[in-house]
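Colleague: There's a structure below that I have some questions on.
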Amino acid sequence: MARIAGAAAQITPGLSDRDVERLVAGARRRRRRRDRMRRTVLVGAAAAWLAVTGAMIEFHRARPATAAKTVATSVEAPPTPGQRILLLSDGSTAVPLDPDTQIELLEQRPERVAVSLMRGRAQFQVTPQPRRTFLVHAGEVRVTVVGTAFTVERVADRVGVTVQRGTVRVDWDGGSGLVHAGQSGWYPPLVTIPPVPRARQHKPPQMARAHAPDRRP
Amino acid sequence: MRKAQHSQKVVLRLVPGDGPPPVLDDVYRRHCRYVAGVILRLHGRPGDVDDLVQDVFVEAAPGIARLRDPEVIKGWLATVAVRAVRRRLRMRRAWRLLGLDTDADDTALVDPRLATADRSLLRAVYELLEEMPVQERLAFTLHVIEGETLEAVAKLCGCPLATARRRSARAQRRIEQRLSHGG
């Protein structure tokens, strides 16, 4: 091994001063080229990130509007000026009844439709489909229908349900109940009494009295 | 880096120092021949030295900017050179396995003015080094040809001391066996 080391000690590149300057200049050029490339990659990555973020924001902004169709249709209550009717693909509708009513379509699938009543009053006309569940979420109250026409109203933390046609089931934390055609109620109920018949159409449902009898039609 | 006369522990540490930062071109000029020599002996192909030297200077630039001590800068350049040669040797080995390594002539490596016996010996050694795993080749070259201690070899190769010792010993055994059989 000593002989190998001794012989290898004579392996030298033999660089002249000119060779050294050439290598120094070459290294300088490569450094500049690398710095330029890094800047280009960084700028490109930033631009791509901005483009993707912008596209995602735009997609999420547009999604609720594309989920529901807007059309003028014959409904029992005329639409409130400036409000849009929520028309679903099976013909079911949700009609805002107040200027500040806010409805949002949460889900629309063949077996399940879910709508959220964020604020105000809305009238729902649901096309009967036995295999499809239609849900209206209003705060902590959930209204489940199979095929019917009914009105849901939110006032503070209470939800009023009035059924014009068919039957709906109303669920709340700690209980549930059925509301039939011609009936209305406020939920969650303050006292455990059945819903009472409504007095007139399009009037807010009356508070049920504590001892009113069950008066189903 | 050549320490054939005495062992010395090489400490490679990026230490900020006083004074103005080194001008990179001046550092390159001061250490160019040294780096080129290390690369030539590790790599074994004169045709690649220019390219590797420039790569090493570019890669070492950020570290150099933080150093002041010339000996520490030299050690840092050696570390980067070993890294660059390792990458190049691995690539060459892969090309060779695919039958695409055409630049296999290393006669220019050996100075024609050397004694015939030494030239034959070096040619044989470098042919054997070409067949070896890259890690063993580097351990042997750094330890035997460059004269580094095994501790320094371990640091330069980024491996434990026992591994450096094992690799160098294995490479030496291979070379001794082949040379004694006239290979």
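Chain identifiers are assigned as A, B, and so on, following the order in which chains appear in the structure tokens; residues are numbered from 1 within each chain, and ligands are numbered from 1 in order of appearance.
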Considering only C-alpha atoms, extract the chain A residues located within 7 Å of chain B and return them as a list in words.

Modeller: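 Close to chain B, chain A has Met1, Ile4, Ala5, Ala7, Ala8, Ile11, Thr12, Pro13, Leu15, Val20, Leu23, Val24, Gly26, Ala27, Arg30 and Arg31 of chain A.
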
Colleague: Give me a file of those residues, with N, CA, C and O atoms, as a compact mmCIF listing (two decimals), in the first residue's frame.

Modeller:
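Written out: result15.txt:
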# COMPACT_ATOMS: atom_id res chain seq x y z
N MET A 1 0.84 -1.22 0.00
CA MET A 1 0.00 0.00 0.00
C MET A 1 0.87 1.26 0.00
O MET A 1 0.52 2.28 -0.62
N ILE A 4 1.80 2.03 -3.48
CA ILE A 4 0.68 2.63 -4.21
C ILE A 4 0.56 4.11 -3.84
O ILE A 4 0.39 4.98 -4.71
N ALA A 5 0.64 4.39 -2.54
CA ALA A 5 0.51 5.78 -2.08
C ALA A 5 1.63 6.63 -2.68
O ALA A 5 1.40 7.76 -3.13
N ALA A 7 3.34 6.13 -5.48
CA ALA A 7 3.14 6.34 -6.92
C ALA A 7 1.99 7.31 -7.18
O ALA A 7 2.06 8.19 -8.04
N ALA A 8 0.92 7.17 -6.37
CA ALA A 8 -0.26 8.02 -6.59
C ALA A 8 0.00 9.47 -6.23
O ALA A 8 -0.69 10.37 -6.70
N ILE A 11 0.23 11.76 -9.08
CA ILE A 11 -0.95 12.06 -9.92
C ILE A 11 -1.39 13.47 -9.58
O ILE A 11 -1.96 13.73 -8.51
N THR A 12 -1.09 14.40 -10.44
CA THR A 12 -1.50 15.79 -10.22
C THR A 12 -2.12 16.33 -11.52
O THR A 12 -1.74 15.88 -12.60
N PRO A 13 -3.01 17.27 -11.40
CA PRO A 13 -3.69 17.78 -12.59
C PRO A 13 -2.79 18.67 -13.46
O PRO A 13 -3.06 18.85 -14.63
N LEU A 15 -2.19 22.07 -13.42
CA LEU A 15 -2.94 23.23 -13.92
C LEU A 15 -2.02 24.45 -14.04
O LEU A 15 -1.27 24.77 -13.11
N VAL A 20 -6.37 27.82 -14.17
CA VAL A 20 -7.03 28.20 -12.92
C VAL A 20 -8.03 29.31 -13.20
O VAL A 20 -9.17 29.26 -12.73
N LEU A 23 -11.11 27.98 -14.83
CA LEU A 23 -12.01 27.28 -13.91
C LEU A 23 -12.75 28.25 -12.99
O LEU A 23 -13.94 28.05 -12.68
N VAL A 24 -12.04 29.29 -12.54
CA VAL A 24 -12.68 30.27 -11.66
C VAL A 24 -13.81 30.98 -12.41
O VAL A 24 -14.93 31.14 -11.88
N GLY A 26 -15.45 29.84 -14.99
CA GLY A 26 -16.50 28.85 -15.22
C GLY A 26 -17.40 28.67 -14.00
O GLY A 26 -18.62 28.58 -14.10
N ALA A 27 -16.77 28.62 -12.82
CA ALA A 27 -17.54 28.47 -11.59
C ALA A 27 -18.43 29.69 -11.35
O ALA A 27 -19.58 29.59 -10.94
N ARG A 30 -21.44 29.44 -13.66
CA ARG A 30 -22.39 28.41 -13.19
C ARG A 30 -23.17 28.89 -11.99
O ARG A 30 -24.36 28.61 -11.85
N ARG A 31 -22.52 29.64 -11.10
CA ARG A 31 -23.21 30.16 -9.92
C ARG A 31 -24.31 31.11 -10.33
O ARG A 31 -25.43 31.04 -9.82

Colleague: Near stretch 128-133 of chain B, counting only C-alpha atoms, which residues have an atom at most 8 Å away, once you skip same-chain residues fewer than 4 positions from it, shown as a PyMOL selection string?

Modeller: chain B and resi 124+137+171+175

Colleague: Any chance you could export the current selection's N, CA and C atoms as a PDB file, in the first residue's frame?

Modeller:
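What ended up in result-v2.pdb:
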ATOM      1  N   ALA B 124      -3.224  -0.644 -12.917  1.00  0.00           N
ATOM      2  CA  ALA B 124      -3.892  -1.828 -12.375  1.00  0.00           C
ATOM      3  C   ALA B 124      -4.786  -1.458 -11.195  1.00  0.00           C
ATOM      4  N   ARG B 137     -14.350   2.188  -2.720  1.00  0.00           N
ATOM      5  CA  ARG B 137     -13.342   2.901  -3.522  1.00  0.00           C
ATOM      6  C   ARG B 137     -12.967   4.215  -2.848  1.00  0.00           C
ATOM      7  N   ALA B 171     -11.345  -3.069   0.619  1.00  0.00           N
ATOM      8  CA  ALA B 171     -10.769  -2.613  -0.650  1.00  0.00           C
ATOM      9  C   ALA B 171      -9.296  -2.986  -0.740  1.00  0.00           C
ATOM     10  N   ILE B 175      -7.450  -5.479  -3.573  1.00  0.00           N
ATOM     11  CA  ILE B 175      -6.347  -5.020  -4.411  1.00  0.00           C
ATOM     12  C   ILE B 175      -5.139  -5.900  -4.191  1.00  0.00           C
TER      13      ILE B 175
END

Colleague: Pick the closest to B:Ala162 from B:Ala139, B:Val134, B:Leu179, B:Leu52: which is it, counting only C-alpha atoms?

Modeller: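 For B:Ala162, the nearest of the candidates is B:Ala139.
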
Colleague: Go through B:Leu156, B:Ala65, B:Leu100, B:Val23 one by one, measure the shortest atom-to-atom distance of each to B:Ala84 using only C-alpha atoms, and give the residue with the smallest value.

Modeller: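 The answer is B:Leu156, which sits nearest to B:Ala84.
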
Colleague: So how far away is atom CA of B:Ser180 from atom CA of B:Arg123, in Å?

Modeller: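 Computed distance, atom CA of B:Arg123 to atom CA of B:Ser180, equals 14.9 Å.
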
Colleague: I need the residue nearest A:Thr127 from this list: A:Ala55, A:Met37, A:Val141, A:Ala94. Use only C-alpha atoms for the distance.

Modeller: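 Of A:Ala55, A:Met37, A:Val141, A:Ala94, the one nearest A:Thr127, counting only C-alpha atoms, is A:Ala94.
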
Colleague: Residues at most 6 Å from A:Val115, counting only C-alpha atoms, excluding those fewer than 4 positions away in the same chain, as a list in words?

Modeller: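 The filter keeps Glu104, Leu105, Leu106 and Val136 of chain A.
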
Colleague: Taking the chain letters and numbering used in this document, name the residues of stretch 25-181 of chain A that DSSP puts in alpha helix (DSSP H), as a PyMOL selection string.

Modeller: chain A and resi 25-67

Colleague: Give me the residues within 10 Å of A:Ala114 as a PyMOL selection string, counting only C-alpha atoms and dropping any in the same chain fewer than 3 places off.

Modeller: chain A and resi 104-109+133-137+142-144
